[in-house]
>>> print(open('query_2.csv').read())   # CSV, C-alpha atoms
chain,number,residue,atom,x,y,z
A,1,MET,CA,0.0,0.0,0.0
A,2,LEU,CA,1.2,3.5,-0.8
A,3,ASN,CA,2.1,5.9,2.0
A,4,PRO,CA,-1.1,7.7,3.0
A,5,VAL,CA,-1.6,11.1,1.3
A,6,PRO,CA,-4.1,13.4,3.1
A,7,ILE,CA,-5.5,16.2,0.9
A,8,GLN,CA,-7.1,19.2,2.6
A,9,ILE,CA,-9.4,21.3,0.4
A,10,VAL,CA,-9.8,24.7,2.0
A,11,LEU,CA,-13.2,26.4,2.0
A,12,PHE,CA,-13.6,30.1,2.5
A,13,ASP,CA,-16.6,32.4,2.3
A,14,GLY,CA,-17.5,32.9,-1.4
A,15,PHE,CA,-15.5,29.9,-2.7
A,16,ASP,CA,-16.3,28.5,-6.2
A,17,PRO,CA,-18.2,25.2,-5.8
A,18,LEU,CA,-16.9,23.6,-9.0
A,19,ASP,CA,-13.3,24.3,-7.9
A,20,VAL,CA,-14.1,22.2,-4.8
A,21,VAL,CA,-16.4,19.5,-5.9
A,22,ALA,CA,-14.6,18.5,-9.1
A,23,PRO,CA,-11.2,17.9,-7.3
A,24,PHE,CA,-13.0,16.3,-4.3
A,25,GLU,CA,-14.7,13.7,-6.5
A,26,VAL,CA,-11.5,12.9,-8.4
A,27,LEU,CA,-9.4,12.6,-5.3
A,28,HIS,CA,-12.1,10.6,-3.5
A,29,ALA,CA,-12.1,8.2,-6.4
A,30,GLY,CA,-8.4,8.0,-6.1
A,31,GLY,CA,-8.7,7.0,-2.5
A,32,THR,CA,-11.0,4.2,-3.5
A,33,ALA,CA,-8.6,3.1,-6.2
A,34,THR,CA,-5.6,3.1,-3.8
A,35,GLY,CA,-7.4,1.3,-1.0
A,36,GLY,CA,-7.5,4.5,1.1
A,37,ALA,CA,-3.9,5.6,0.5
A,38,VAL,CA,-5.3,9.0,-0.7
A,39,SER,CA,-7.8,10.8,1.5
A,40,VAL,CA,-9.6,14.1,1.0
A,41,GLU,CA,-11.3,16.4,3.5
A,42,LEU,CA,-13.0,19.8,3.4
A,43,VAL,CA,-11.5,22.1,5.9
A,44,SER,CA,-11.5,25.8,6.8
A,45,ALA,CA,-9.1,28.2,8.6
A,46,GLU,CA,-11.7,28.6,11.3
A,47,GLY,CA,-12.5,24.9,11.8
A,48,PRO,CA,-15.7,22.9,11.3
A,49,ARG,CA,-18.5,25.1,9.9
A,50,GLU,CA,-20.9,25.7,7.1
A,51,VAL,CA,-19.2,27.8,4.4
A,52,VAL,CA,-21.4,29.6,1.9
A,53,SER,CA,-20.1,29.7,-1.7
A,54,GLY,CA,-20.3,32.6,-4.1
A,55,THR,CA,-22.8,30.7,-6.3
A,56,GLY,CA,-26.4,31.1,-5.4
A,57,GLY,CA,-25.9,30.6,-1.6
A,58,MET,CA,-24.8,27.0,-2.0
A,59,ALA,CA,-23.0,25.9,1.1
A,60,LEU,CA,-20.6,23.0,2.0
A,61,ARG,CA,-19.5,21.9,5.4
A,62,ALA,CA,-15.9,22.0,6.5
A,63,THR,CA,-15.4,19.1,8.8
A,64,GLY,CA,-12.0,20.0,10.1
A,65,THR,CA,-9.5,22.8,10.6
A,66,LEU,CA,-6.7,23.4,8.1
A,67,ASP,CA,-3.5,21.9,9.5
A,68,PRO,CA,-0.5,23.3,7.7
A,69,ALA,CA,1.8,20.9,9.4
A,70,ARG,CA,0.0,17.8,8.1
A,71,PRO,CA,2.1,16.1,5.4
A,72,GLY,CA,0.2,15.9,2.1
A,73,VAL,CA,-1.6,18.4,-0.1
A,74,VAL,CA,-3.4,21.7,0.7
A,75,LEU,CA,-5.7,22.6,-2.1
A,76,LEU,CA,-7.2,26.1,-2.6
A,77,PRO,CA,-10.2,26.8,-4.7
A,78,GLY,CA,-11.0,30.2,-6.3
A,79,ALA,CA,-13.9,32.5,-5.6
A,80,SER,CA,-17.2,32.7,-7.5
A,81,GLY,CA,-18.9,36.0,-8.4
A,82,PRO,CA,-18.7,39.0,-10.8
A,83,LEU,CA,-15.3,40.2,-11.8
A,84,GLY,CA,-16.0,43.6,-10.2
A,85,ASP,CA,-14.2,45.7,-12.8
A,86,ALA,CA,-16.6,48.6,-12.3
A,87,PRO,CA,-17.9,50.0,-9.0
A,88,GLY,CA,-21.6,50.1,-8.2
A,89,GLU,CA,-23.8,53.2,-8.1
A,90,ASP,CA,-22.4,54.1,-4.7
A,91,GLY,CA,-18.9,54.0,-6.0
A,92,GLU,CA,-18.0,50.9,-4.0
A,93,PRO,CA,-17.1,47.5,-5.5
A,94,ASP,CA,-19.8,44.8,-5.5
A,95,PRO,CA,-19.5,43.1,-2.1
A,96,GLY,CA,-19.9,39.7,-3.8
A,97,SER,CA,-17.3,40.3,-6.5
A,98,ILE,CA,-14.3,38.1,-6.8
A,99,PRO,CA,-11.7,40.8,-5.8
A,100,VAL,CA,-13.7,41.6,-2.6
A,101,LEU,CA,-14.1,37.9,-1.7
A,102,LEU,CA,-10.4,37.2,-2.2
A,103,ALA,CA,-9.5,40.3,-0.1
A,104,ALA,CA,-11.8,39.1,2.7
A,105,ALA,CA,-10.0,35.7,2.7
A,106,LEU,CA,-6.7,37.6,3.1
A,107,ARG,CA,-8.0,39.2,6.3
A,108,THR,CA,-8.5,35.8,7.9
A,109,SER,CA,-5.9,33.5,9.4
A,110,LEU,CA,-5.6,31.7,6.1
A,111,PRO,CA,-2.5,33.5,4.8
A,112,GLY,CA,-0.6,32.7,8.0
A,113,LEU,CA,-1.6,29.1,7.7
A,114,LEU,CA,-0.5,29.0,4.1
A,115,ALA,CA,2.8,30.5,5.0
A,116,ALA,CA,3.3,27.7,7.5
A,117,ALA,CA,2.3,25.1,4.8
A,118,PHE,CA,4.9,26.5,2.3
A,119,ALA,CA,7.6,26.3,5.0
A,120,ASP,CA,7.0,22.6,5.5
A,121,PRO,CA,8.8,20.5,2.9
A,122,ALA,CA,6.3,17.7,3.4
A,123,VAL,CA,3.4,19.8,2.2
A,124,VAL,CA,2.4,20.6,-1.4
A,125,VAL,CA,0.2,23.6,-1.9
A,126,ALA,CA,-2.2,23.4,-4.9
A,127,GLY,CA,-4.6,26.0,-6.3
A,128,VAL,CA,-7.5,25.9,-8.8
A,129,CYS,CA,-8.5,28.9,-10.8
A,130,GLY,CA,-8.3,32.0,-8.5
A,131,GLY,CA,-7.0,29.8,-5.7
A,132,SER,CA,-3.5,30.7,-6.7
A,133,LEU,CA,-4.3,34.4,-6.2
A,134,ILE,CA,-4.7,34.1,-2.4
A,135,PRO,CA,-1.1,33.1,-1.6
A,136,ALA,CA,0.1,35.3,-4.4
A,137,MET,CA,-1.7,38.4,-3.0
A,138,ALA,CA,-0.3,37.4,0.4
A,139,GLY,CA,3.2,37.7,-1.0
A,140,LEU,CA,3.9,34.0,-0.7
A,141,LEU,CA,4.6,33.2,-4.4
A,142,GLU,CA,7.0,35.9,-5.5
A,143,GLY,CA,9.3,34.4,-8.2
A,144,ARG,CA,7.4,31.2,-8.4
A,145,HIS,CA,5.7,29.8,-11.6
A,146,ALA,CA,2.0,29.5,-11.4
A,147,THR,CA,-1.2,29.8,-13.4
A,148,THR,CA,-4.8,30.9,-12.8
A,149,HIS,CA,-7.9,31.7,-14.8
A,150,HIS,CA,-6.9,33.5,-17.9
A,151,LEU,CA,-8.7,36.7,-16.8
A,152,GLY,CA,-6.5,36.8,-13.7
A,153,LEU,CA,-3.1,36.2,-15.2
A,154,ASP,CA,-2.2,39.9,-15.3
A,155,LEU,CA,-3.1,40.2,-11.6
A,156,LEU,CA,-1.0,37.1,-10.8
A,157,ASP,CA,1.9,38.6,-12.7
A,158,ALA,CA,1.6,41.9,-10.8
A,159,THR,CA,2.2,40.1,-7.5
A,160,GLY,CA,5.6,39.0,-8.7
A,161,VAL,CA,4.6,35.5,-9.8
A,162,ARG,CA,5.9,34.2,-13.1
A,163,ALA,CA,2.5,33.7,-14.6
A,164,VAL,CA,2.3,30.8,-17.1
A,165,HIS,CA,-0.6,30.5,-19.6
A,166,ALA,CA,-1.0,26.7,-19.1
A,167,ARG,CA,-3.7,24.4,-17.9
A,168,VAL,CA,-1.6,22.9,-15.1
A,169,VAL,CA,1.8,24.2,-13.8
A,170,ASP,CA,4.0,22.1,-11.6
A,171,ASP,CA,6.5,24.2,-9.6
A,172,GLY,CA,7.6,21.6,-7.1
A,173,ASP,CA,5.7,22.1,-3.9
A,174,LEU,CA,3.3,24.4,-5.7
A,175,VAL,CA,0.9,23.0,-8.3
A,176,THR,CA,-1.7,25.2,-9.9
A,177,GLY,CA,-4.5,24.9,-12.4
A,178,ALA,CA,-6.1,27.4,-14.7
A,179,GLY,CA,-9.8,28.3,-15.0
A,180,VAL,CA,-12.8,26.4,-13.6
A,181,THR,CA,-12.9,22.9,-15.1
A,182,SER,CA,-9.1,22.6,-14.9
A,183,GLY,CA,-9.7,21.5,-11.4
A,184,LEU,CA,-10.4,18.0,-12.9
A,185,ASP,CA,-7.0,18.1,-14.6
A,186,LEU,CA,-5.2,19.4,-11.6
A,187,ALA,CA,-6.7,16.7,-9.3
A,188,LEU,CA,-5.8,13.9,-11.8
A,189,TYR,CA,-2.3,15.2,-12.1
A,190,LEU,CA,-2.0,15.3,-8.3
A,191,LEU,CA,-3.1,11.6,-8.3
A,192,GLU,CA,-0.4,10.8,-10.8
A,193,ARG,CA,2.2,12.6,-8.7
A,194,GLU,CA,1.1,11.1,-5.4
A,195,ALA,CA,-0.3,7.7,-6.4
A,196,GLY,CA,1.1,6.9,-9.9
A,197,PRO,CA,-0.1,7.1,-13.5
A,198,ARG,CA,-2.1,3.8,-13.3
A,199,VAL,CA,-4.3,5.2,-10.5
A,200,ALA,CA,-4.8,8.5,-12.4
A,201,HIS,CA,-5.6,6.6,-15.6
A,202,ALA,CA,-8.2,4.4,-13.8
A,203,VAL,CA,-9.9,7.5,-12.4
A,204,GLU,CA,-9.9,9.1,-15.9
A,205,GLU,CA,-11.6,6.0,-17.3
A,206,LEU,CA,-14.2,6.0,-14.4
A,207,PHE,CA,-15.0,9.7,-15.0
A,208,ALA,CA,-14.9,9.3,-18.9
A,209,TYR,CA,-12.6,12.3,-18.9
A,210,GLU,CA,-9.2,12.8,-20.4
A,211,ARG,CA,-6.8,15.5,-19.1
A,212,ARG,CA,-6.1,18.3,-21.5
A,213,GLY,CA,-2.8,19.9,-22.4
A,214,THR,CA,0.7,19.4,-21.2
A,215,VAL,CA,1.7,20.0,-17.5
A,216,TRP,CA,4.1,22.9,-17.6
A,217,ARG,CA,7.4,22.6,-15.7
A,218,ALA,CA,10.4,24.9,-15.8
A,219,THR,CA,12.6,22.1,-17.3
A,220,GLY,CA,14.1,21.4,-20.7
A,221,PRO,CA,15.4,23.9,-23.3
A,222,VAL,CA,13.7,27.2,-23.7
A,223,PRO,CA,11.7,27.1,-27.0
A,224,ALA,CA,12.6,29.5,-29.8
A,225,ALA,CA,10.0,32.0,-30.9
A,226,PHE,CA,7.7,30.9,-33.6
>>> encode(input="query_2.csv", output="structure tokens")
Amino acid sequence: MLNPVPIQIVLFDGFDPLDVVAPFEVLHAGGTATGGAVSVELVSAEGPREVVSGTGGMALRATGTLDPARPGVVLLPGASGPLGDAPGEDGEPDPGSIPVLLAAALRTSLPGLLAAAFADPAVVVAGVCGGSLIPAMAGLLEGRHATTHHLGLDLLDATGVRAVHARVVDDGDLVTGAGVTSGLDLALYLLEREAGPRVAHAVEELFAYERRGTVWRATGPVPAAF
């Protein structure tokens, strides 16, 4: 049996449900395929609680507290809501907009917990869609390679991250996925990394879904311009 790999998916107010549910289902199936060597749990920085998403008031329950010292994977979803490019009639941004939701997450204990996770060599931090923006905006990803939803790549770059336009980016103890449905690809790649390609392939077959694109890594020769 493989060494157990616990995966903590972090919920915060306004999270995107698909960024959570898609990886959860893939990773849960990976746990079945490995006889329990992979486990997945919904957690929050505050502990067990109902957490309301940014989509229609849908809520999920965090059953535990994020433990940054627990060897394994910490996975961050993005937020769900309007982009908030323009302020409302009162001149203030929409309180349910993605920038406001991400800023609210930064005012919790989550950034400190993520800093502790990055400091632990036994922990891999992963992000789906806007999930990579939370540690980036907290100043934890400067100089690292990462991706996010294509509409957020400029913001990611502005934080000092080496933003990459790819579906999945592997930067060692940081693995990130691009927009929305790439949570499926990210979770399948994490299964390949942690449990092997045969397990990942079996889950692909179960879900009737094939991963898209090439996982980007900062290895090999730099390609010439086309």
>>> residues_around(input="query_2.csv", residues="Arg217 (chain A)", least_positions_apart="6", cutoff="8 Å", atoms="only C-alpha atoms", output="PDB file with C-alpha atoms, in the coordinates of the input")
ATOM      1  CA  VAL A 169       1.800  24.200 -13.800  1.00  0.00           C
ATOM      2  CA  ASP A 170       4.000  22.100 -11.600  1.00  0.00           C
ATOM      3  CA  ASP A 171       6.500  24.200  -9.600  1.00  0.00           C
TER       4      ASP A 171
END
>>> atom_distance(input="query_2.csv", atom1="CA of Gly35 (chain A)", atom2="CA of Gly196 (chain A)")
13.5 Å
>>> residues_around(input="query_2.csv", residues="region 207-209 of chain A", least_positions_apart="3", cutoff="10 Å", atoms="only C-alpha atoms", output="VMD selection string")
chain A and resid 25 to 26 29 184 to 185 188 201 to 204 212
>>> atom_distance(input="query_2.csv", atom1="CA of Val100 (chain A)", atom2="CA of Asp13 (chain A)")
10.8 Å
>>> residues_around(input="query_2.csv", residues="Asp16 (chain A)", least_positions_apart="5", cutoff="8 Å", atoms="only C-alpha atoms", output="list in words")
Ser53, Gly54, Thr55, Pro77, Gly78, Ala79 and Ser80 of chain A
>>> write_last_selection(input="query_2.csv", atoms="C-alpha atoms", output="mmCIF file, in the coordinates of the input")
data_model
loop_
_atom_site.group_PDB
_atom_site.id
_atom_site.type_symbol
_atom_site.label_atom_id
_atom_site.label_comp_id
_atom_site.auth_asym_id
_atom_site.auth_seq_id
_atom_site.Cartn_x
_atom_site.Cartn_y
_atom_site.Cartn_z
ATOM 1 C CA SER A 53 -20.100 29.700 -1.700
ATOM 2 C CA GLY A 54 -20.300 32.600 -4.100
ATOM 3 C CA THR A 55 -22.800 30.700 -6.300
ATOM 4 C CA PRO A 77 -10.200 26.800 -4.700
ATOM 5 C CA GLY A 78 -11.000 30.200 -6.300
ATOM 6 C CA ALA A 79 -13.900 32.500 -5.600
ATOM 7 C CA SER A 80 -17.200 32.700 -7.500
#
>>> closest_residue(input="query_2.csv", among="A:Val40, A:Leu133, A:Ala200, A:Val168", to="Ala103 (chain A)", atoms="all atoms listed in the file")
A:Leu133
>>> closest_residue(input="query_2.csv", among="A:Ile98, A:Leu76, A:Leu66, A:Val161", to="Ala116 (chain A)", atoms="only C-alpha atoms")
A:Leu66
>>> atom_distance(input="query_2.csv", atom1="CA of Thr32 (chain A)", atom2="CA of Leu206 (chain A)")
11.5 Å
>>> closest_residue(input="query_2.csv", among="A:Ala166, A:Leu153, A:Thr214, A:Ala22", to="Gly183 (chain A)", atoms="all atoms listed in the file")
A:Ala22
>>> closest_residue(input="query_2.csv", among="A:Ala138, A:Val38, A:Val180, A:Val43", to="Thr159 (chain A)", atoms="only C-alpha atoms")
A:Ala138
>>> closest_residue(input="query_2.csv", among="A:Val52, A:Ala62, A:Leu2, A:Ala119", to="Gly31 (chain A)", atoms="only C-alpha atoms")
A:Leu2
>>> closest_residue(input="query_2.csv", among="A:Leu191, A:Leu155, A:Ala69, A:Leu83", to="Ser97 (chain A)", atoms="all atoms listed in the file")
A:Leu83
>>> build_atoms(input="query_2.csv", residues="region 175-202 of chain A", atoms="N, CA and C atoms", output="PDB file, keeping the file's coordinate frame")
ATOM      1  N   VAL A 175       1.542  23.501  -7.086  1.00  0.00           N
ATOM      2  CA  VAL A 175       0.900  23.000  -8.300  1.00  0.00           C
ATOM      3  C   VAL A 175      -0.377  23.757  -8.512  1.00  0.00           C
ATOM      4  N   THR A 176      -0.528  24.395  -9.665  1.00  0.00           N
ATOM      5  CA  THR A 176      -1.700  25.200  -9.900  1.00  0.00           C
ATOM      6  C   THR A 176      -2.405  24.873 -11.180  1.00  0.00           C
ATOM      7  N   GLY A 177      -3.718  25.131 -11.191  1.00  0.00           N
ATOM      8  CA  GLY A 177      -4.500  24.900 -12.400  1.00  0.00           C
ATOM      9  C   GLY A 177      -5.194  26.159 -12.832  1.00  0.00           C
ATOM     10  N   ALA A 178      -5.540  26.218 -14.094  1.00  0.00           N
ATOM     11  CA  ALA A 178      -6.100  27.400 -14.700  1.00  0.00           C
ATOM     12  C   ALA A 178      -7.625  27.489 -14.344  1.00  0.00           C
ATOM     13  N   GLY A 179      -8.449  27.938 -15.277  1.00  0.00           N
ATOM     14  CA  GLY A 179      -9.800  28.300 -15.000  1.00  0.00           C
ATOM     15  C   GLY A 179     -10.776  27.084 -14.827  1.00  0.00           C
ATOM     16  N   VAL A 180     -11.610  27.153 -13.814  1.00  0.00           N
ATOM     17  CA  VAL A 180     -12.800  26.400 -13.600  1.00  0.00           C
ATOM     18  C   VAL A 180     -12.627  24.881 -13.780  1.00  0.00           C
ATOM     19  N   THR A 181     -12.929  24.322 -14.971  1.00  0.00           N
ATOM     20  CA  THR A 181     -12.900  22.900 -15.100  1.00  0.00           C
ATOM     21  C   THR A 181     -11.479  22.291 -15.067  1.00  0.00           C
ATOM     22  N   SER A 182     -10.460  23.126 -15.058  1.00  0.00           N
ATOM     23  CA  SER A 182      -9.100  22.600 -14.900  1.00  0.00           C
ATOM     24  C   SER A 182      -8.867  21.977 -13.560  1.00  0.00           C
ATOM     25  N   GLY A 183      -9.821  22.166 -12.632  1.00  0.00           N
ATOM     26  CA  GLY A 183      -9.700  21.500 -11.400  1.00  0.00           C
ATOM     27  C   GLY A 183      -9.720  19.964 -11.530  1.00  0.00           C
ATOM     28  N   LEU A 184     -10.400  19.469 -12.566  1.00  0.00           N
ATOM     29  CA  LEU A 184     -10.400  18.000 -12.900  1.00  0.00           C
ATOM     30  C   LEU A 184      -8.944  17.636 -13.288  1.00  0.00           C
ATOM     31  N   ASP A 185      -8.332  18.425 -14.166  1.00  0.00           N
ATOM     32  CA  ASP A 185      -7.000  18.100 -14.600  1.00  0.00           C
ATOM     33  C   ASP A 185      -5.969  18.193 -13.514  1.00  0.00           C
ATOM     34  N   LEU A 186      -6.110  19.218 -12.682  1.00  0.00           N
ATOM     35  CA  LEU A 186      -5.200  19.400 -11.600  1.00  0.00           C
ATOM     36  C   LEU A 186      -5.285  18.193 -10.614  1.00  0.00           C
ATOM     37  N   ALA A 187      -6.507  17.780 -10.269  1.00  0.00           N
ATOM     38  CA  ALA A 187      -6.700  16.700  -9.300  1.00  0.00           C
ATOM     39  C   ALA A 187      -6.144  15.364  -9.921  1.00  0.00           C
ATOM     40  N   LEU A 188      -6.372  15.142 -11.205  1.00  0.00           N
ATOM     41  CA  LEU A 188      -5.800  13.900 -11.800  1.00  0.00           C
ATOM     42  C   LEU A 188      -4.317  13.953 -11.862  1.00  0.00           C
ATOM     43  N   TYR A 189      -3.741  15.134 -12.086  1.00  0.00           N
ATOM     44  CA  TYR A 189      -2.300  15.200 -12.100  1.00  0.00           C
ATOM     45  C   TYR A 189      -1.741  14.989 -10.663  1.00  0.00           C
ATOM     46  N   LEU A 190      -2.422  15.515  -9.655  1.00  0.00           N
ATOM     47  CA  LEU A 190      -2.000  15.300  -8.300  1.00  0.00           C
ATOM     48  C   LEU A 190      -2.053  13.759  -7.971  1.00  0.00           C
ATOM     49  N   LEU A 191      -3.085  13.077  -8.473  1.00  0.00           N
ATOM     50  CA  LEU A 191      -3.100  11.600  -8.300  1.00  0.00           C
ATOM     51  C   LEU A 191      -1.953  10.944  -8.959  1.00  0.00           C
ATOM     52  N   GLU A 192      -1.592  11.412 -10.160  1.00  0.00           N
ATOM     53  CA  GLU A 192      -0.400  10.800 -10.800  1.00  0.00           C
ATOM     54  C   GLU A 192       0.833  11.051 -10.042  1.00  0.00           C
ATOM     55  N   ARG A 193       1.000  12.272  -9.514  1.00  0.00           N
ATOM     56  CA  ARG A 193       2.200  12.600  -8.700  1.00  0.00           C
ATOM     57  C   ARG A 193       2.263  11.764  -7.440  1.00  0.00           C
ATOM     58  N   GLU A 194       1.142  11.663  -6.754  1.00  0.00           N
ATOM     59  CA  GLU A 194       1.100  11.100  -5.400  1.00  0.00           C
ATOM     60  C   GLU A 194       0.880   9.574  -5.411  1.00  0.00           C
ATOM     61  N   ALA A 195       0.142   9.070  -6.404  1.00  0.00           N
ATOM     62  CA  ALA A 195      -0.300   7.700  -6.400  1.00  0.00           C
ATOM     63  C   ALA A 195       0.142   6.883  -7.629  1.00  0.00           C
ATOM     64  N   GLY A 196       0.628   7.589  -8.655  1.00  0.00           N
ATOM     65  CA  GLY A 196       1.100   6.900  -9.900  1.00  0.00           C
ATOM     66  C   GLY A 196       0.149   7.017 -11.029  1.00  0.00           C
ATOM     67  N   PRO A 197       0.673   6.861 -12.255  1.00  0.00           N
ATOM     68  CA  PRO A 197      -0.100   7.100 -13.500  1.00  0.00           C
ATOM     69  C   PRO A 197      -1.239   6.026 -13.647  1.00  0.00           C
ATOM     70  N   ARG A 198      -1.042   4.802 -13.128  1.00  0.00           N
ATOM     71  CA  ARG A 198      -2.100   3.800 -13.300  1.00  0.00           C
ATOM     72  C   ARG A 198      -3.354   4.166 -12.523  1.00  0.00           C
ATOM     73  N   VAL A 199      -3.159   4.714 -11.339  1.00  0.00           N
ATOM     74  CA  VAL A 199      -4.300   5.200 -10.500  1.00  0.00           C
ATOM     75  C   VAL A 199      -4.997   6.337 -11.248  1.00  0.00           C
ATOM     76  N   ALA A 200      -4.213   7.308 -11.705  1.00  0.00           N
ATOM     77  CA  ALA A 200      -4.800   8.500 -12.400  1.00  0.00           C
ATOM     78  C   ALA A 200      -5.542   8.019 -13.651  1.00  0.00           C
ATOM     79  N   HIS A 201      -4.981   7.079 -14.383  1.00  0.00           N
ATOM     80  CA  HIS A 201      -5.600   6.600 -15.600  1.00  0.00           C
ATOM     81  C   HIS A 201      -6.946   5.883 -15.272  1.00  0.00           C
ATOM     82  N   ALA A 202      -6.955   5.096 -14.201  1.00  0.00           N
ATOM     83  CA  ALA A 202      -8.200   4.400 -13.800  1.00  0.00           C
ATOM     84  C   ALA A 202      -9.286   5.371 -13.452  1.00  0.00           C
TER      85      ALA A 202
END
